[in-house]
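Contents: one structure, followed by commentary.
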Amino acid sequence: MRKFTLLIAMLFIFAGASMAQVVENFESIKMNVFAAGANGEVVVMANPDPTGINPSNTVAKMVRGADGESYAGWYGTLATPIDFNTTKYVHVKVWKPRISPVKFKIEEGETGNLEVASINPQTVVNGWEELVFDFSDATGPYVKIVFFPDFEEPLTLTEDITVYFDDFYVNNDPTPGSDPVQVLENYEYIPLNIMTGGAEDLSKFTLVPNPDKSGVNLSDYVIKFDRDMDGVPWGGFFSATEVDVTENKFMHVKAWKPRVSPVKFKIEAGAAGTLEVASTNEQTETNVWVDYVFDFSEKTGTYPTIVFMPDFADPVGLTEDIVIYFDDIILNNDPNPMTPPSLTVNVDMNGTGDMTGVPVYISGALGGIYGTWDQPGTNPNNEMLDTDGDGIYTVTLMLPDGLYAFKFFKGASWDNGDPAPGGDRTLQYSGTMNVTYKWGVDGLLSVPQNPLAEQIKMYPNPVSNELVINSSAKVKEVTITSMLGQLVGTYSLNSNGRTSINTSALGNGMYFVTFVGENGHRFVQKLVKN
């Protein structure tokens, strides 16, 4: 079961609008490593030992430093909560170079935080073993999980070790190998069957951390394509992955390329016949992420095979090997390439004393190149500058849409934080925004005027079974996301300006509805489902 099965199933529950298909985005649950020492890290990689109970292609690897803590591990937030009213056991496969306790923790649920050791102690070294954790005492939904793969106390390591883990799932059966009820993460993605040109073509694909989190692609993981200079023009991959071009006609793929060349995509073996097309937007830049769009308007129905060829120069013309990256294969009904949004944050420091030589920083749960609560002064991406001397300090951040907590600081330390009432500030960010705050004053000084605000109405709110949207503006896309940023649905409005969306399958809670105008303006509304 791939991690997007539930998402795609939910997308097709809704009626009344065209909905995007996320073919693959190569992401996994975000694993925030802690207490693992100077060399500690968690990455997703090819399975180094695809034997025994775990022949899967991709797993997670954790480097556990000898200078770490006993409780070293990682935490993550789930897109879909675990319901411990109906499922009580968490299963995980581990590969470890030594015997030590393994613990699992759930946090911020109705029965409080619960931490347990595996009910079946580890017995295997340098091989895969499935461990099970009993949460019979838990009830209700939990979205935050914590994993401690090597909980030795006191810690006796003399050198760093590497631990692998895979296939987190829950069910109501403590038996290792029992069938999952809900897969939390299996680190898998669609099969990429490489297309090469014989023995001399050593091209390959690898899942790697995104080497350039910027522009239109801020995601954590991407595919690296080592493209051999002895390869063929049609070098790339095919995948037995079904797509439906009946309603959605445009395939999007983000790619990062070191040279300008045609980019092609093909859908195969459908009833309406095979079609291979070049991107509608020709490549003009190198070494930047670009959202390439492929038009399949002349076809309809389902296609069981997709093919991607990111460097279709014929002849190939390479004198050395090159590296290409690609990500986010999405089918929707939008012919426009994605453009990079940005958040500009300003803080007015007038009246706060002499600022000569005093740097100003922003820090928070920003992620990516901005870090998670990086100490002021340690991350140059987070310094705010007053280039025109008006006392207002500015930084421009490139972030995914979401809710962010942050704070301003004077100087390179935690000592002089913004004294505004309420502590950390929060901002619900979507699309391009420019916001201004004042040091020591709660709330926003200015919010950008959104031209869509007076032209779009949605009701009822709270909603039960049907959401009605009236719009006098030209809106090219409407999306609904959960509080955790999980995409629930993507819709196109009717031409008459009135659209009904069936919301009966939504769980109770808070959601965000984002409207994207034809000129790129975004308007975000909160929606409550009860």
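Ordered as shown in the structure tokens, chains take letters A, B, and onward, while each chain numbers its residues from 1 and ligands are numbered from 1 in the order shown.
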For Pro97 (chain A): contacts at 9 Å, only C-alpha atoms, fewer than 2 positions along chain excluded, given as a PDB file with C-alpha atoms, in the first residue's frame:
ATOM      1  CA  TRP A  95      17.494  -3.375  11.474  1.00  0.00           C
ATOM      2  CA  ILE A  99      20.671  -5.385  20.971  1.00  0.00           C
ATOM      3  CA  VAL A 124      18.080 -10.074  15.818  1.00  0.00           C
ATOM      4  CA  VAL A 125      21.333  -8.221  15.040  1.00  0.00           C
ATOM      5  CA  ASN A 126      22.161  -7.039  11.498  1.00  0.00           C
ATOM      6  CA  GLY A 127      18.856  -8.298  10.156  1.00  0.00           C
ATOM      7  CA  ILE A 161      25.999   3.386  14.772  1.00  0.00           C
ATOM      8  CA  THR A 162      23.423   3.199  11.990  1.00  0.00           C
ATOM      9  CA  VAL A 163      19.896   1.902  12.489  1.00  0.00           C
TER      10      VAL A 163
END
Exercise for the section: Considering only C-alpha atoms, return as a ChimeraX atom specification whatever protein or nucleic-acid residues lie within 9 Å of region 136-151 of chain A, sequence-local ones (same chain, fewer than 6 positions apart) excluded. Expected result: /A:62,64,69-89,94,96,98-115,163-165
Problem - Given only C-alpha atoms as the counted atoms, nearest of A:Gly377, A:Gly423, A:Gly368, A:Pro176 to Tyr221 (chain A) - result: A:Gly368
Handout entry: Which residue of A:Pro211, A:Gly411, A:Pro359, A:Gly417 approaches Tyr393 (chain A) most closely, using only C-alpha atoms
Key =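 Of A:Pro211, A:Gly411, A:Pro359, A:Gly417, the one nearest Tyr393 (chain A) is A:Pro359, counting only C-alpha atoms.
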Set out as JSON lines a contact list for region 206-251 of chain A and region 49-58 of chain A with a cut-off of 12 Å, giving each residue of region 206-251 of chain A that qualifies its closest atom pair and distance in Å to one decimal, counting only C-alpha atoms, ordered by chain and rising residue number.
{"residue": "A:Thr206", "atom": "CA", "partner": "A:Thr58", "partner_atom": "CA", "distance": 10.0}
{"residue": "A:Leu207", "atom": "CA", "partner": "A:Thr58", "partner_atom": "CA", "distance": 8.7}
{"residue": "A:Val208", "atom": "CA", "partner": "A:Thr58", "partner_atom": "CA", "distance": 11.3}
With N, CA, C and O atoms kept, could you save the residues just selected as a JSON list (two decimals), in the first residue's frame?
[["chain", "number", "residue", "atom", "x", "y", "z"],
["A", 206, "THR", "N", 18.01, 7.68, -7.78],
["A", 206, "THR", "CA", 18.19, 7.58, -6.34],
["A", 206, "THR", "C", 17.30, 8.60, -5.65],
["A", 206, "THR", "O", 17.20, 9.75, -6.11],
["A", 207, "LEU", "N", 16.63, 8.20, -4.58],
["A", 207, "LEU", "CA", 15.90, 9.15, -3.75],
["A", 207, "LEU", "C", 16.90, 9.87, -2.85],
["A", 207, "LEU", "O", 17.67, 9.23, -2.13],
["A", 208, "VAL", "N", 16.90, 11.20, -2.88],
["A", 208, "VAL", "CA", 17.88, 11.98, -2.12],
["A", 208, "VAL", "C", 17.20, 13.19, -1.48],
["A", 208, "VAL", "O", 16.13, 13.63, -1.93]]
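One finds CA of Ala255 (chain A) at 17.8 Å from CA of Glu276 (chain A).
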Practice task
Find the residue from A:Asn508, A:Thr387, A:Thr300, A:Asn381 that sits nearest to Ser482 (chain A); use only C-alpha atoms when measuring.
Solution key: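 Distance minimum relative to Ser482 (chain A) lands on A:Asn508.
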Practice task
Within 9 Å of Thr339 (chain A), counting only C-alpha atoms, which residues show up once you throw out same-chain ones fewer than 6 positions away? Write them as a list in words, please.
Solution key: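 That gives Gly215, Val216, Val290, Asp291 and Gly520 of chain A.
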Handout entry: Residue with smallest distance to Pro315 (chain A) - pool A:Val232, A:Val181, A:Val263, A:Ala199, counting only C-alpha atoms
Key =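 The shortest atom-to-atom distance to Pro315 (chain A) comes from A:Val232.
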Practice task
Choose the residue, out of A:Thr490, A:Thr196, A:Asn530, A:Ser239, that has the smallest atom-to-atom separation from Ser504 (chain A); count only C-alpha atoms.
Solution key: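 For Ser504 (chain A), the nearest of the given residues is A:Asn530.
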Problem - Separation of CA of Gln428 (chain A) from CA of Met338 (chain A) in Å - result: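 So the two atoms, CA of Met338 (chain A) and CA of Gln428 (chain A), lie 20.4 Å apart.
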Practice task
Write out as JSON, numbers by chain all residues of region 126-239 of chain A that backbone DSSP assigns to strand (DSSP E or B).
Solution key: {"A": [128, 129, 130, 131, 132, 133, 134, 141, 142, 143, 144, 145, 146, 147, 148, 161, 162, 163, 164, 165, 166, 167, 168, 169, 170, 171, 182, 183, 184, 185, 193, 194, 195, 204, 205, 206, 207, 208, 209, 214, 217, 221, 222, 223, 224, 225, 226, 227, 236, 237, 238, 239]}
Exercise for the section: Work out how far CA of Phe26 (chain A) is from CA of Asp295 (chain A), in Å to one decimal. Expected result: 22.6 Å
Proximity check region 487-515 of chain A to region 470-479 of chain A, 8 Å, nearest pairs one decimal Å, only C-alpha atoms, as JSON lines:
{"residue": "A:Leu487", "atom": "CA", "partner": "A:Thr479", "partner_atom": "CA", "distance": 7.4}
{"residue": "A:Val488", "atom": "CA", "partner": "A:Thr479", "partner_atom": "CA", "distance": 7.5}
{"residue": "A:Gly489", "atom": "CA", "partner": "A:Thr479", "partner_atom": "CA", "distance": 5.6}
{"residue": "A:Thr490", "atom": "CA", "partner": "A:Thr479", "partner_atom": "CA", "distance": 4.4}
{"residue": "A:Tyr491", "atom": "CA", "partner": "A:Val478", "partner_atom": "CA", "distance": 5.0}
{"residue": "A:Ser492", "atom": "CA", "partner": "A:Glu477", "partner_atom": "CA", "distance": 5.2}
{"residue": "A:Leu493", "atom": "CA", "partner": "A:Val475", "partner_atom": "CA", "distance": 7.0}
{"residue": "A:Gly497", "atom": "CA", "partner": "A:Ser471", "partner_atom": "CA", "distance": 4.9}
{"residue": "A:Arg498", "atom": "CA", "partner": "A:Asn470", "partner_atom": "CA", "distance": 4.6}
{"residue": "A:Thr499", "atom": "CA", "partner": "A:Asn470", "partner_atom": "CA", "distance": 6.7}
{"residue": "A:Val513", "atom": "CA", "partner": "A:Thr479", "partner_atom": "CA", "distance": 5.7}
{"residue": "A:Thr514", "atom": "CA", "partner": "A:Thr479", "partner_atom": "CA", "distance": 5.2}
{"residue": "A:Phe515", "atom": "CA", "partner": "A:Val478", "partner_atom": "CA", "distance": 4.7}
Just write the chosen residues, N, CA, C and O atoms, as a PDB file, in the first residue's frame.
ATOM      1  N   LEU A 487      -3.698  17.783   1.801  1.00  0.00           N
ATOM      2  CA  LEU A 487      -4.642  18.132   0.757  1.00  0.00           C
ATOM      3  C   LEU A 487      -5.843  17.201   0.820  1.00  0.00           C
ATOM      4  O   LEU A 487      -5.713  15.983   0.801  1.00  0.00           O
ATOM      5  N   VAL A 488      -7.038  17.772   0.895  1.00  0.00           N
ATOM      6  CA  VAL A 488      -8.274  16.991   0.928  1.00  0.00           C
ATOM      7  C   VAL A 488      -8.932  16.961  -0.445  1.00  0.00           C
ATOM      8  O   VAL A 488      -9.437  15.939  -0.886  1.00  0.00           O
ATOM      9  N   GLY A 489      -8.930  18.091  -1.150  1.00  0.00           N
ATOM     10  CA  GLY A 489      -9.542  18.106  -2.474  1.00  0.00           C
ATOM     11  C   GLY A 489      -9.127  19.319  -3.270  1.00  0.00           C
ATOM     12  O   GLY A 489      -8.770  20.357  -2.706  1.00  0.00           O
ATOM     13  N   THR A 490      -9.126  19.183  -4.583  1.00  0.00           N
ATOM     14  CA  THR A 490      -8.855  20.286  -5.508  1.00  0.00           C
ATOM     15  C   THR A 490     -10.031  20.389  -6.470  1.00  0.00           C
ATOM     16  O   THR A 490     -10.462  19.380  -7.029  1.00  0.00           O
ATOM     17  N   TYR A 491     -10.540  21.590  -6.687  1.00  0.00           N
ATOM     18  CA  TYR A 491     -11.782  21.770  -7.422  1.00  0.00           C
ATOM     19  C   TYR A 491     -11.667  22.905  -8.443  1.00  0.00           C
ATOM     20  O   TYR A 491     -10.859  23.818  -8.280  1.00  0.00           O
ATOM     21  N   SER A 492     -12.525  22.848  -9.472  1.00  0.00           N
ATOM     22  CA  SER A 492     -12.678  23.931 -10.434  1.00  0.00           C
ATOM     23  C   SER A 492     -14.094  24.484 -10.293  1.00  0.00           C
ATOM     24  O   SER A 492     -15.060  23.712 -10.198  1.00  0.00           O
ATOM     25  N   LEU A 493     -14.233  25.810 -10.261  1.00  0.00           N
ATOM     26  CA  LEU A 493     -15.550  26.410 -10.103  1.00  0.00           C
ATOM     27  C   LEU A 493     -16.318  26.378 -11.414  1.00  0.00           C
ATOM     28  O   LEU A 493     -15.740  26.434 -12.505  1.00  0.00           O
ATOM     29  N   GLY A 497     -20.282  30.860 -11.758  1.00  0.00           N
ATOM     30  CA  GLY A 497     -19.869  31.486 -10.509  1.00  0.00           C
ATOM     31  C   GLY A 497     -20.429  30.852  -9.264  1.00  0.00           C
ATOM     32  O   GLY A 497     -20.084  31.255  -8.151  1.00  0.00           O
ATOM     33  N   ARG A 498     -21.277  29.818  -9.389  1.00  0.00           N
ATOM     34  CA  ARG A 498     -21.838  29.143  -8.212  1.00  0.00           C
ATOM     35  C   ARG A 498     -21.505  27.659  -8.272  1.00  0.00           C
ATOM     36  O   ARG A 498     -21.790  26.994  -9.269  1.00  0.00           O
ATOM     37  N   THR A 499     -20.888  27.156  -7.224  1.00  0.00           N
ATOM     38  CA  THR A 499     -20.452  25.759  -7.178  1.00  0.00           C
ATOM     39  C   THR A 499     -20.801  25.167  -5.827  1.00  0.00           C
ATOM     40  O   THR A 499     -20.645  25.829  -4.785  1.00  0.00           O
ATOM     41  N   VAL A 513      -9.712  26.690   3.128  1.00  0.00           N
ATOM     42  CA  VAL A 513     -10.129  26.704   1.738  1.00  0.00           C
ATOM     43  C   VAL A 513      -9.348  27.804   1.035  1.00  0.00           C
ATOM     44  O   VAL A 513      -9.414  28.973   1.426  1.00  0.00           O
ATOM     45  N   THR A 514      -8.580  27.437   0.011  1.00  0.00           N
ATOM     46  CA  THR A 514      -7.733  28.383  -0.710  1.00  0.00           C
ATOM     47  C   THR A 514      -8.267  28.592  -2.119  1.00  0.00           C
ATOM     48  O   THR A 514      -8.463  27.629  -2.868  1.00  0.00           O
ATOM     49  N   PHE A 515      -8.499  29.857  -2.473  1.00  0.00           N
ATOM     50  CA  PHE A 515      -8.942  30.225  -3.814  1.00  0.00           C
ATOM     51  C   PHE A 515      -7.767  30.853  -4.552  1.00  0.00           C
ATOM     52  O   PHE A 515      -7.109  31.757  -4.025  1.00  0.00           O
TER      53      PHE A 515
END
Problem - All helix (DSSP H, G or I) positions in region 311-526 of chain A, as a PyMOL selection string - result: chain A and resi 368-370+380-382
Residue subset to file, keeping N, CA and C atoms, as a PDB file, in the first residue's frame:
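Result went into part.pdb, see below:
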ATOM      1  N   GLY A 368      13.205  23.629   6.478  1.00  0.00           N
ATOM      2  CA  GLY A 368      14.044  23.841   5.297  1.00  0.00           C
ATOM      3  C   GLY A 368      15.326  24.573   5.627  1.00  0.00           C
ATOM      4  N   ILE A 369      15.712  25.520   4.770  1.00  0.00           N
ATOM      5  CA  ILE A 369      16.963  26.249   4.966  1.00  0.00           C
ATOM      6  C   ILE A 369      16.878  27.237   6.119  1.00  0.00           C
ATOM      7  N   TYR A 370      15.658  27.450   6.658  1.00  0.00           N
ATOM      8  CA  TYR A 370      15.480  28.399   7.757  1.00  0.00           C
ATOM      9  C   TYR A 370      15.531  27.714   9.119  1.00  0.00           C
ATOM     10  N   PRO A 380      22.270  32.416   8.480  1.00  0.00           N
ATOM     11  CA  PRO A 380      22.240  33.682   7.736  1.00  0.00           C
ATOM     12  C   PRO A 380      20.953  33.885   6.946  1.00  0.00           C
ATOM     13  N   ASN A 381      20.225  32.804   6.655  1.00  0.00           N
ATOM     14  CA  ASN A 381      18.961  32.949   5.925  1.00  0.00           C
ATOM     15  C   ASN A 381      17.895  33.663   6.746  1.00  0.00           C
ATOM     16  N   ASN A 382      18.095  33.752   8.059  1.00  0.00           N
ATOM     17  CA  ASN A 382      17.076  34.300   8.951  1.00  0.00           C
ATOM     18  C   ASN A 382      17.381  35.726   9.407  1.00  0.00           C
TER      19      ASN A 382
END
